[in-house]
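Source file: protein-v1.tsv; contents: TSV, C-alpha atoms and all ligand atoms.
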chain	number	residue	atom	x	y	z
A	1	MET	CA	44.18	-16.87	-6.41
A	2	ASP	CA	42.45	-13.89	-4.74
A	3	SER	CA	41.00	-11.24	-7.04
A	4	ALA	CA	42.99	-8.02	-6.76
A	5	TYR	CA	40.13	-5.85	-5.51
A	6	LEU	CA	39.64	-8.03	-2.40
A	7	LYS	CA	43.00	-6.92	-1.09
A	8	ALA	CA	42.27	-3.33	-2.15
A	9	ALA	CA	38.96	-3.46	-0.26
A	10	ARG	CA	40.71	-4.68	2.90
A	11	SER	CA	43.51	-2.12	2.72
A	12	GLY	CA	41.31	0.93	2.08
A	13	LEU	CA	42.77	1.41	-1.41
A	14	LEU	CA	39.41	0.76	-3.03
A	15	GLU	CA	37.69	3.51	-1.02
A	16	GLN	CA	40.46	5.93	-1.99
A	17	ARG	CA	40.07	5.06	-5.68
A	18	ILE	CA	36.30	5.52	-5.49
A	19	TYR	CA	36.83	8.99	-4.06
A	20	GLU	CA	39.41	9.94	-6.72
A	21	SER	CA	37.36	8.60	-9.61
A	22	ARG	CA	34.17	10.35	-8.47
A	23	LEU	CA	36.03	13.66	-8.55
A	24	LEU	CA	36.67	13.09	-12.25
A	25	LEU	CA	32.94	12.96	-12.99
A	26	LYS	CA	32.58	16.61	-12.02
A	27	ASP	CA	34.82	17.83	-14.81
A	28	CYS	CA	35.00	14.66	-16.82
A	29	THR	CA	38.40	13.62	-18.10
A	30	LEU	CA	37.83	9.93	-17.51
A	31	CYS	CA	38.70	9.03	-21.08
A	32	PRO	CA	40.77	10.59	-23.89
A	33	ARG	CA	37.78	12.59	-25.17
A	34	GLY	CA	38.27	14.92	-22.19
A	35	CYS	CA	34.80	16.49	-22.47
A	36	ARG	CA	35.19	18.37	-19.15
A	37	VAL	CA	31.45	18.24	-18.43
A	38	ASP	CA	29.90	17.96	-14.98
A	39	ARG	CA	28.29	14.54	-15.20
A	40	LEU	CA	27.27	14.70	-11.53
A	41	SER	CA	24.88	17.53	-12.36
A	42	GLY	CA	23.53	15.68	-15.38
A	43	THR	CA	25.52	17.30	-18.19
A	44	LEU	CA	26.39	14.71	-20.81
A	45	GLY	CA	29.57	14.40	-22.83
A	46	TYR	CA	30.47	12.33	-25.87
A	47	CYS	CA	29.54	9.02	-24.16
A	48	ARG	CA	26.07	10.42	-23.29
A	49	THR	CA	26.22	8.88	-19.82
A	50	GLY	CA	25.67	10.91	-16.66
A	51	ALA	CA	26.25	10.07	-13.02
A	52	ILE	CA	24.44	6.73	-13.19
A	53	ALA	CA	25.61	3.81	-15.33
A	54	GLU	CA	23.15	2.12	-17.66
A	55	ILE	CA	23.24	-1.51	-18.68
A	56	ALA	CA	21.67	-3.20	-21.67
A	57	SER	CA	21.93	-6.79	-20.45
A	58	TYR	CA	23.93	-9.19	-18.34
A	59	GLY	CA	24.37	-12.94	-18.12
A	60	PRO	CA	26.70	-15.89	-18.71
A	61	HIS	CA	28.28	-15.59	-22.13
A	62	PHE	CA	29.85	-18.49	-24.01
A	63	GLY	CA	31.08	-16.58	-27.06
A	64	GLU	CA	34.16	-15.14	-25.36
A	65	GLU	CA	37.64	-16.66	-25.54
A	66	SER	CA	37.67	-20.14	-24.00
A	67	VAL	CA	40.10	-19.03	-21.25
A	68	LEU	CA	37.35	-16.70	-19.98
A	69	VAL	CA	34.38	-19.01	-20.35
A	70	GLY	CA	34.92	-22.16	-18.25
A	71	GLU	CA	31.91	-24.41	-17.68
A	72	HIS	CA	29.36	-21.75	-16.89
A	73	GLY	CA	30.30	-18.79	-19.02
A	74	SER	CA	31.90	-15.39	-18.62
A	75	GLY	CA	29.70	-13.08	-16.54
A	76	THR	CA	29.19	-10.28	-19.02
A	77	ILE	CA	27.68	-6.92	-18.13
A	78	PHE	CA	26.98	-4.85	-21.26
A	79	PHE	CA	27.12	-1.15	-20.41
A	80	CYS	CA	25.18	1.30	-22.54
A	81	GLY	CA	26.96	4.25	-24.06
A	82	CYS	CA	30.51	4.28	-25.30
A	83	ASN	CA	33.34	6.78	-25.43
A	84	LEU	CA	34.56	5.62	-28.86
A	85	LEU	CA	31.42	4.98	-30.95
A	86	CYS	CA	32.82	3.16	-34.00
A	87	ILE	CA	30.43	3.42	-36.91
A	88	PHE	CA	30.68	-0.36	-37.58
A	89	CYS	CA	29.94	-1.41	-33.98
A	90	GLN	CA	28.16	-4.74	-33.66
A	91	ASN	CA	26.43	-3.32	-30.57
A	92	TYR	CA	25.55	-0.10	-32.36
A	93	ASP	CA	22.14	0.27	-30.68
A	94	ILE	CA	23.32	-0.10	-27.09
A	95	SER	CA	26.48	1.91	-27.65
A	96	ARG	CA	24.10	4.81	-28.08
A	97	PRO	CA	22.72	5.34	-24.55
A	98	ARG	CA	19.05	5.19	-23.81
A	99	GLY	CA	18.97	2.81	-26.70
A	100	ALA	CA	16.91	-0.34	-26.82
A	101	GLY	CA	16.55	-1.87	-23.37
A	102	CYS	CA	19.04	0.33	-21.52
A	103	GLN	CA	18.37	0.43	-17.77
A	104	PRO	CA	19.97	2.80	-15.26
A	105	VAL	CA	21.62	0.94	-12.37
A	106	ASP	CA	22.73	2.53	-9.11
A	107	ASP	CA	25.65	1.13	-7.10
A	108	ARG	CA	23.49	-1.40	-5.25
A	109	GLN	CA	21.85	-2.67	-8.39
A	110	LEU	CA	25.15	-3.01	-10.21
A	111	ALA	CA	26.64	-4.86	-7.22
A	112	ARG	CA	23.62	-7.17	-7.21
A	113	VAL	CA	24.17	-7.97	-10.90
A	114	MET	CA	27.80	-8.89	-10.20
A	115	VAL	CA	26.85	-11.18	-7.33
A	116	LYS	CA	24.08	-12.77	-9.35
A	117	LEU	CA	26.55	-13.65	-12.11
A	118	GLN	CA	28.78	-15.27	-9.51
A	119	GLU	CA	25.80	-17.24	-8.16
A	120	GLN	CA	25.18	-18.48	-11.71
A	121	GLY	CA	28.64	-20.02	-11.70
A	122	CYS	CA	30.35	-17.56	-14.05
A	123	LEU	CA	34.12	-17.58	-14.21
A	124	ASN	CA	34.62	-13.81	-14.01
A	125	ILE	CA	32.83	-10.47	-14.16
A	126	ASN	CA	33.29	-9.25	-17.72
A	127	LEU	CA	32.73	-5.49	-17.89
A	128	VAL	CA	31.93	-4.75	-21.53
A	129	THR	CA	32.61	-1.13	-22.60
A	130	PRO	CA	33.57	0.10	-19.13
A	131	SER	CA	35.79	3.12	-19.90
A	132	HIS	CA	33.13	5.78	-19.31
A	133	VAL	CA	31.72	4.15	-16.14
A	134	VAL	CA	34.86	3.37	-14.13
A	135	PRO	CA	33.69	5.37	-11.05
A	136	GLN	CA	30.33	3.61	-11.06
A	137	ILE	CA	32.00	0.18	-11.27
A	138	LEU	CA	34.39	1.03	-8.46
A	139	SER	CA	31.53	2.32	-6.29
A	140	ALA	CA	29.58	-0.91	-6.72
A	141	LEU	CA	32.50	-3.10	-5.73
A	142	PRO	CA	32.53	-2.66	-1.91
A	143	ILE	CA	28.82	-3.52	-1.81
A	144	ALA	CA	29.42	-6.58	-3.99
A	145	VAL	CA	32.38	-7.64	-1.86
A	146	LYS	CA	30.22	-7.41	1.29
A	147	SER	CA	27.75	-9.71	-0.47
A	148	GLY	CA	30.49	-12.23	-1.19
A	149	LEU	CA	31.86	-11.32	-4.65
A	150	THR	CA	35.24	-12.90	-5.26
A	151	LEU	CA	35.41	-13.36	-9.06
A	152	PRO	CA	38.15	-11.57	-11.04
A	153	LEU	CA	37.19	-8.48	-13.03
A	154	VAL	CA	37.73	-8.40	-16.78
A	155	TYR	CA	38.09	-4.87	-18.15
A	156	ASN	CA	36.82	-5.37	-21.71
A	157	SER	CA	37.41	-2.05	-23.45
A	158	SER	CA	37.86	-0.56	-26.89
A	159	GLY	CA	41.41	0.40	-25.96
A	160	TYR	CA	40.45	4.08	-25.99
A	161	ASP	CA	41.42	4.52	-22.34
A	162	SER	CA	43.22	7.23	-20.48
A	163	VAL	CA	46.34	6.18	-18.58
A	164	ALA	CA	45.30	8.29	-15.57
A	165	THR	CA	42.01	6.40	-15.31
A	166	LEU	CA	43.74	3.05	-15.77
A	167	LYS	CA	46.00	3.94	-12.86
A	168	LEU	CA	42.88	4.12	-10.70
A	169	LEU	CA	42.29	0.47	-11.59
A	170	ASP	CA	45.80	-0.64	-10.65
A	171	GLY	CA	45.36	-3.27	-7.94
A	172	ILE	CA	41.63	-3.59	-8.69
A	173	VAL	CA	41.39	-5.21	-12.15
A	174	ASP	CA	42.90	-8.64	-12.77
A	175	ILE	CA	42.36	-9.09	-16.48
A	176	TYR	CA	42.55	-6.39	-19.12
A	177	MET	CA	41.00	-7.26	-22.46
A	178	PRO	CA	41.44	-4.23	-24.73
A	179	ASP	CA	40.78	-4.09	-28.43
A	180	PHE	CA	43.45	-2.62	-30.63
A	181	LYS	CA	41.32	-1.41	-33.53
A	182	PHE	CA	43.18	1.09	-35.70
A	183	TRP	CA	46.84	1.77	-36.34
A	184	SER	CA	46.32	4.79	-38.55
A	185	ALA	CA	45.01	8.11	-37.26
A	186	ALA	CA	43.14	8.56	-40.54
A	187	SER	CA	41.14	5.33	-40.05
A	188	ALA	CA	40.45	6.15	-36.41
A	189	GLU	CA	39.17	9.57	-37.41
A	190	ARG	CA	37.12	8.26	-40.31
A	191	TYR	CA	35.42	5.43	-38.43
A	192	ALA	CA	35.34	6.72	-34.83
A	193	LYS	CA	36.16	10.44	-34.92
A	194	ALA	CA	39.17	9.74	-32.73
A	195	ALA	CA	42.40	10.53	-34.56
A	196	ASP	CA	44.33	10.07	-31.33
A	197	TYR	CA	43.05	6.50	-30.87
A	198	PRO	CA	46.24	4.73	-32.06
A	199	GLU	CA	48.50	6.72	-29.73
A	200	ARG	CA	46.06	6.43	-26.81
A	201	ALA	CA	45.68	2.69	-27.33
A	202	ARG	CA	49.45	2.20	-27.39
A	203	LEU	CA	49.81	4.12	-24.11
A	204	ALA	CA	46.88	2.26	-22.55
A	205	LEU	CA	48.28	-1.13	-23.53
A	206	ARG	CA	51.66	-0.32	-22.05
A	207	GLU	CA	49.98	0.69	-18.78
A	208	MET	CA	47.82	-2.44	-18.71
A	209	GLN	CA	50.86	-4.61	-19.33
A	210	ARG	CA	52.79	-2.80	-16.60
A	211	GLN	CA	50.00	-3.50	-14.11
A	212	VAL	CA	49.17	-7.14	-14.77
A	213	ASP	CA	51.76	-8.49	-17.25
A	214	ASP	CA	51.22	-11.39	-19.66
A	215	LEU	CA	48.08	-13.47	-19.30
A	216	LYS	CA	48.39	-16.23	-16.71
A	217	ILE	CA	46.24	-19.28	-17.29
A	218	ASN	CA	45.78	-21.85	-14.53
A	219	ALA	CA	45.85	-25.65	-14.74
A	220	LYS	CA	42.13	-25.71	-15.57
A	221	GLY	CA	42.74	-23.47	-18.60
A	222	HIS	CA	41.13	-20.42	-16.98
A	223	ALA	CA	42.61	-16.92	-17.25
A	224	GLU	CA	43.52	-15.58	-13.81
A	225	ARG	CA	45.38	-12.34	-14.44
A	226	GLY	CA	47.05	-10.45	-17.25
A	227	VAL	CA	46.41	-8.85	-20.63
A	228	LEU	CA	44.45	-10.37	-23.52
A	229	VAL	CA	44.38	-8.24	-26.68
A	230	ARG	CA	41.69	-8.47	-29.33
A	231	HIS	CA	42.14	-7.28	-32.85
A	232	LEU	CA	39.33	-7.31	-35.39
A	233	LEU	CA	40.54	-7.67	-38.96
A	234	MET	CA	38.85	-5.08	-41.17
A	235	PRO	CA	38.14	-5.36	-44.89
A	236	GLY	CA	41.22	-3.99	-46.63
A	237	GLY	CA	42.81	-3.30	-43.25
A	238	PHE	CA	45.66	-5.78	-43.46
A	239	PRO	CA	48.52	-3.21	-43.33
A	240	GLU	CA	47.09	-1.85	-40.06
A	241	THR	CA	46.76	-5.38	-38.68
A	242	GLU	CA	50.39	-6.02	-39.51
A	243	ALA	CA	51.53	-2.85	-37.73
A	244	ILE	CA	49.45	-3.66	-34.65
A	245	LEU	CA	50.82	-7.20	-34.41
A	246	ARG	CA	54.36	-5.92	-34.79
A	247	PHE	CA	53.77	-3.40	-32.01
A	248	LEU	CA	52.39	-6.08	-29.69
A	249	ALA	CA	55.38	-8.33	-30.29
A	250	GLU	CA	58.03	-5.63	-30.10
A	251	GLU	CA	56.66	-3.27	-27.46
A	252	ILE	CA	54.26	-5.26	-25.29
A	253	SER	CA	55.52	-8.85	-25.18
A	254	VAL	CA	56.04	-11.80	-27.48
A	255	ASP	CA	54.08	-13.71	-24.86
A	256	CYS	CA	51.10	-11.39	-25.28
A	257	TYR	CA	47.87	-13.41	-25.61
A	258	VAL	CA	46.18	-12.21	-28.80
A	259	ASN	CA	42.85	-12.96	-30.38
A	260	ILE	CA	42.88	-12.06	-34.08
A	261	MET	CA	39.22	-11.98	-35.06
A	262	ASP	CA	37.92	-12.48	-38.57
A	263	GLN	CA	34.20	-12.10	-37.91
A	264	TYR	CA	33.80	-8.55	-39.22
A	265	ARG	CA	30.33	-7.94	-40.68
A	266	PRO	CA	29.01	-4.54	-41.71
A	267	CYS	CA	26.95	-3.40	-38.71
A	268	GLY	CA	25.74	-0.03	-37.50
A	269	ARG	CA	26.41	2.59	-40.16
A	270	ALA	CA	29.21	0.64	-41.85
A	271	THR	CA	27.32	0.45	-45.12
A	272	ASP	CA	27.66	4.24	-45.44
A	273	PHE	CA	31.31	3.49	-46.29
A	274	ASP	CA	31.90	1.56	-49.50
A	275	GLU	CA	35.12	-0.01	-48.23
A	276	LEU	CA	33.34	-1.44	-45.15
A	277	LYS	CA	30.52	-3.17	-46.98
A	278	GLY	CA	32.35	-6.47	-47.42
A	279	THR	CA	33.84	-9.04	-45.10
A	280	VAL	CA	37.38	-10.23	-44.40
A	281	SER	CA	38.90	-12.75	-46.75
A	282	ALA	CA	40.13	-16.11	-45.51
A	283	LYS	CA	43.45	-15.28	-47.16
A	284	ASP	CA	43.88	-12.12	-45.06
A	285	TYR	CA	43.04	-14.03	-41.91
A	286	ARG	CA	45.58	-16.75	-42.66
A	287	LEU	CA	48.15	-14.11	-43.52
A	288	ALA	CA	47.50	-12.27	-40.25
A	289	LEU	CA	48.07	-15.46	-38.25
A	290	GLN	CA	51.23	-16.11	-40.24
A	291	ARG	CA	52.55	-12.57	-39.65
A	292	ALA	CA	51.82	-12.83	-35.92
A	293	LYS	CA	53.92	-15.97	-35.76
A	294	GLU	CA	56.70	-14.37	-37.81
A	295	PHE	CA	56.79	-11.48	-35.32
A	296	GLY	CA	57.19	-14.04	-32.52
A	297	LEU	CA	53.65	-13.98	-31.11
A	298	THR	CA	52.79	-17.57	-30.24
A	299	ARG	CA	49.88	-17.22	-27.83
A	300	LEU	CA	47.13	-16.81	-30.40
A	301	ASP	CA	43.60	-17.61	-29.30
A	302	GLN	CA	42.18	-20.67	-31.02
A	303	ALA	CA	38.43	-20.76	-31.41
A	304	ASP	CA	37.31	-24.01	-29.84
A	305	PHE	CA	34.47	-25.91	-31.40
A	306	SER	CA	32.47	-26.76	-28.27
A	307	ARG	CA	32.51	-23.10	-27.21
A	308	LEU	CA	31.29	-22.00	-30.62
A	309	LEU	CA	28.55	-24.61	-30.53
A	310	ARG	CA	27.36	-23.42	-27.12
A	311	TYR	CA	27.47	-19.82	-28.33
A	312	MET	CA	25.37	-20.71	-31.36
A	313	LEU	CA	22.84	-22.50	-29.16
A	314	GLU	CA	22.74	-19.55	-26.79
A	315	LYS	CA	22.11	-17.19	-29.72
A	316	ARG	CA	19.81	-19.72	-31.43
A	317	LEU	CA	21.85	-19.32	-34.63
B	1	LIG	S1	33.87	9.50	-20.11
B	1	LIG	FE1	32.31	10.43	-21.43
B	1	LIG	S2	32.04	12.52	-20.66
B	1	LIG	FE2	33.93	11.72	-19.80
B	1	LIG	S3	35.55	12.42	-21.14
B	1	LIG	FE3	34.94	10.39	-21.85
B	1	LIG	S4	33.35	10.68	-23.38
B	1	LIG	FE4	33.60	12.61	-22.26

This entry written out as structure tokens:
Amino acid sequence: MDSAYLKAARSGLLEQRIYESRLLLKDCTLCPRGCRVDRLSGTLGYCRTGAIAEIASYGPHFGEESVLVGEHGSGTIFFCGCNLLCIFCQNYDISRPRGAGCQPVDDRQLARVMVKLQEQGCLNINLVTPSHVVPQILSALPIAVKSGLTLPLVYNSSGYDSVATLKLLDGIVDIYMPDFKFWSAASAERYAKAADYPERARLALREMQRQVDDLKINAKGHAERGVLVRHLLMPGGFPETEAILRFLAEEISVDCYVNIMDQYRPCGRATDFDELKGTVSAKDYRLALQRAKEFGLTRLDQADFSRLLRYMLEKRL
């Protein structure tokens, strides 16, 4: 199955989208923050990223969902900076730009990274925290395509995406992997200063689903196209989890592929908040899986042991 952007590159659609997205950098409304700063002249908005993307690291990653990993890993590119900035982020350091190890990459360098991941045998190009660097990703693609890139793109975002920007990715991205983090505006405001997150995430998910539909997995067990939603259970956050799962079943699709994650640990500045100092109970996790099934969601990601083992070896845990 051809990756969507190959057709877009042939038809001229990709060039058009690059042009349109670059315009947004001048008066930035790329994401729901709507900072309206001129990033092309070096003014920084909430994501603290200018005209050039920065990356913290890249490489084959075996800790992702098994449908994304294959034999040789998912080709992750960790972008620095973030438009959401949750206080409990497990990548807290790199979500703050110019943090530890962040390197600016121009279009050629970013394209080279993508091609290198393909040469390493990765199953896809997994763009981690891409919402604030959509124009830079698009601009790198034609160069990568000329160098032979064919792997599908995974848009791995926080879910805090603008529908207008997602429309620029229609026909370019094959796999959307958004988080759905908060159902309540109060939680979104408290932990990410983004009271509009729940509404924005709902709109973004509907748009992603419209573009690529339910996740399609081929005979080898590899994701080819579609939406995969992640939801991190939070300590004491079960009512929000329940509402999110209900929304996915009722308004996205009962065939939505969902990863309910129980690995919350207090990272970043989470310990500033008493209620975030703990972890998630096994009971809440079991109950979340049960609720998902009651709502009709059956495609729940199952952690597979060999993948976890490889991930632990990779991380030397
Ligand atoms: S991408 Fe960055 S500068 Fe642009 S609106 Fe979002 S947070 Fe603001």

(message) So the first atom is atom CA of A:Arg269 and the second is atom CA of A:Thr76; what is the distance between them in Å, to one decimal place?
(response) 24.9 Å

(request) List the neighbours of A:Met177 out to 8 Å using all atoms listed in the file; skip same-chain residues closer than 2 positions along the sequence, and give me the result as an MDAnalysis selection string. (result) chainID A and resid 154:157 175 179 227:230

For those residues, write C-alpha atoms to a file as a PDB file, in the frame of the given file.
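Saved to result-v4.pdb:
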ATOM      1  CA  VAL A 154      37.730  -8.400 -16.780  1.00  0.00           C
ATOM      2  CA  TYR A 155      38.090  -4.870 -18.150  1.00  0.00           C
ATOM      3  CA  ASN A 156      36.820  -5.370 -21.710  1.00  0.00           C
ATOM      4  CA  SER A 157      37.410  -2.050 -23.450  1.00  0.00           C
ATOM      5  CA  ILE A 175      42.360  -9.090 -16.480  1.00  0.00           C
ATOM      6  CA  ASP A 179      40.780  -4.090 -28.430  1.00  0.00           C
ATOM      7  CA  VAL A 227      46.410  -8.850 -20.630  1.00  0.00           C
ATOM      8  CA  LEU A 228      44.450 -10.370 -23.520  1.00  0.00           C
ATOM      9  CA  VAL A 229      44.380  -8.240 -26.680  1.00  0.00           C
ATOM     10  CA  ARG A 230      41.690  -8.470 -29.330  1.00  0.00           C
TER      11      ARG A 230
END

(request) Rounded to one decimal place, report the atom CA of A:Met1-atom CA of A:Val163 distance in Å. (result) 26.2 Å

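Environment of ligand LIG 1 (chain B), defined as every protein or nucleic acid residue with an atom within 6 Å of it and counting all atoms listed in the file, comprises Cys28, Thr29, Leu30, Cys31, Arg33, Gly34, Cys35, Gly45, Tyr46, Cys47, Asn83 and His132 of chain A.
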
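Each of A:Pro198, A:Pro142, A:Pro266, A:Gly121 was compared to A:Leu6 using all atoms listed in the file, and A:Pro142 turns out to be the nearest.
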
(message) At a cut-off of 6 Å, using all atoms listed in the file, what residues contact stretch 50-64 of chain A? Leave out same-chain residues fewer than 6 positions from it and give the result as number ranges by chain.
(response) A: 39-40, 42, 44, 73-80, 101-105, 311

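Proximity of A:Leu168, A:Val133, A:Ala140, A:Ile260 to A:Val115, computed with all atoms listed in the file, is greatest for A:Ala140.
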
Can you pull out every residue within 8 Å of A:Thr241, counting all atoms listed in the file, but drop anything in the same chain fewer than 5 positions away, and send it as a PDB file with C-alpha atoms, in the frame of the given file?
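Heads up, here's the output in out_12.pdb:
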ATOM      1  CA  PHE A 182      43.180   1.090 -35.700  1.00  0.00           C
ATOM      2  CA  TRP A 183      46.840   1.770 -36.340  1.00  0.00           C
ATOM      3  CA  HIS A 231      42.140  -7.280 -32.850  1.00  0.00           C
ATOM      4  CA  LEU A 233      40.540  -7.670 -38.960  1.00  0.00           C
ATOM      5  CA  ALA A 288      47.500 -12.270 -40.250  1.00  0.00           C
TER       6      ALA A 288
END

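Relative to atom CA of A:Gly226, atom CA of A:Gln211 is found at 8.2 Å.
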
(message) Every residue with an atom at most 9 Å from (52.8, -18.0, -29.8) (file coordinates; only C-alpha atoms) is what I'm after, so could you write them as an MDAnalysis selection string?
(response) chainID A and resid 254:258 292:293 296:300

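Residue nearest A:Thr279 within the list A:Arg291, A:Lys116, A:Gly237, A:Glu251: A:Gly237 [criterion: smallest interatomic distance, all atoms listed in the file].
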
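Remark: for A:Ala201, the closest of the candidate residues A:Lys146, A:Gln136, A:Leu84, A:Arg108 is A:Leu84 (distances computed over all atoms listed in the file).
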
Please return stretch 158-174 of chain A, rebuilt to N, CA and C atoms, as a compact mmCIF listing (two decimals), in the frame of the given file.
# COMPACT_ATOMS: atom_id res chain seq x y z
N SER A 158 37.49 -0.82 -25.49
CA SER A 158 37.86 -0.56 -26.89
C SER A 158 39.34 -0.23 -27.04
N GLY A 159 40.01 -0.04 -25.92
CA GLY A 159 41.41 0.40 -25.96
C GLY A 159 41.55 1.92 -25.93
N TYR A 160 40.39 2.61 -26.02
CA TYR A 160 40.45 4.08 -25.99
C TYR A 160 40.32 4.52 -24.53
N ASP A 161 41.40 4.29 -23.79
CA ASP A 161 41.42 4.52 -22.34
C ASP A 161 42.49 5.53 -21.99
N SER A 162 42.21 6.29 -20.94
CA SER A 162 43.22 7.23 -20.48
C SER A 162 44.12 6.53 -19.46
N VAL A 163 45.40 6.81 -19.52
CA VAL A 163 46.34 6.18 -18.58
C VAL A 163 46.01 6.58 -17.15
N ALA A 164 45.62 7.84 -16.94
CA ALA A 164 45.30 8.29 -15.57
C ALA A 164 44.14 7.48 -14.99
N THR A 165 43.14 7.19 -15.81
CA THR A 165 42.01 6.40 -15.31
C THR A 165 42.44 4.95 -15.08
N LEU A 166 43.26 4.43 -15.97
CA LEU A 166 43.74 3.05 -15.77
C LEU A 166 44.53 2.94 -14.46
N LYS A 167 45.24 3.99 -14.11
CA LYS A 167 46.00 3.94 -12.86
C LYS A 167 45.07 3.79 -11.65
N LEU A 168 43.85 4.29 -11.79
CA LEU A 168 42.88 4.12 -10.70
C LEU A 168 42.44 2.67 -10.57
N LEU A 169 42.70 1.89 -11.61
CA LEU A 169 42.29 0.47 -11.59
C LEU A 169 43.46 -0.45 -11.23
N ASP A 170 44.61 0.15 -11.01
CA ASP A 170 45.80 -0.64 -10.65
C ASP A 170 45.55 -1.28 -9.28
N GLY A 171 45.64 -2.58 -9.20
CA GLY A 171 45.36 -3.27 -7.94
C GLY A 171 43.89 -3.58 -7.76
N ILE A 172 43.08 -3.30 -8.76
CA ILE A 172 41.63 -3.59 -8.69
C ILE A 172 41.26 -4.62 -9.77
N VAL A 173 41.73 -4.34 -11.00
CA VAL A 173 41.39 -5.21 -12.15
C VAL A 173 42.44 -6.31 -12.29
N ASP A 174 41.97 -7.52 -12.57
CA ASP A 174 42.90 -8.64 -12.77
C ASP A 174 43.20 -8.89 -14.23
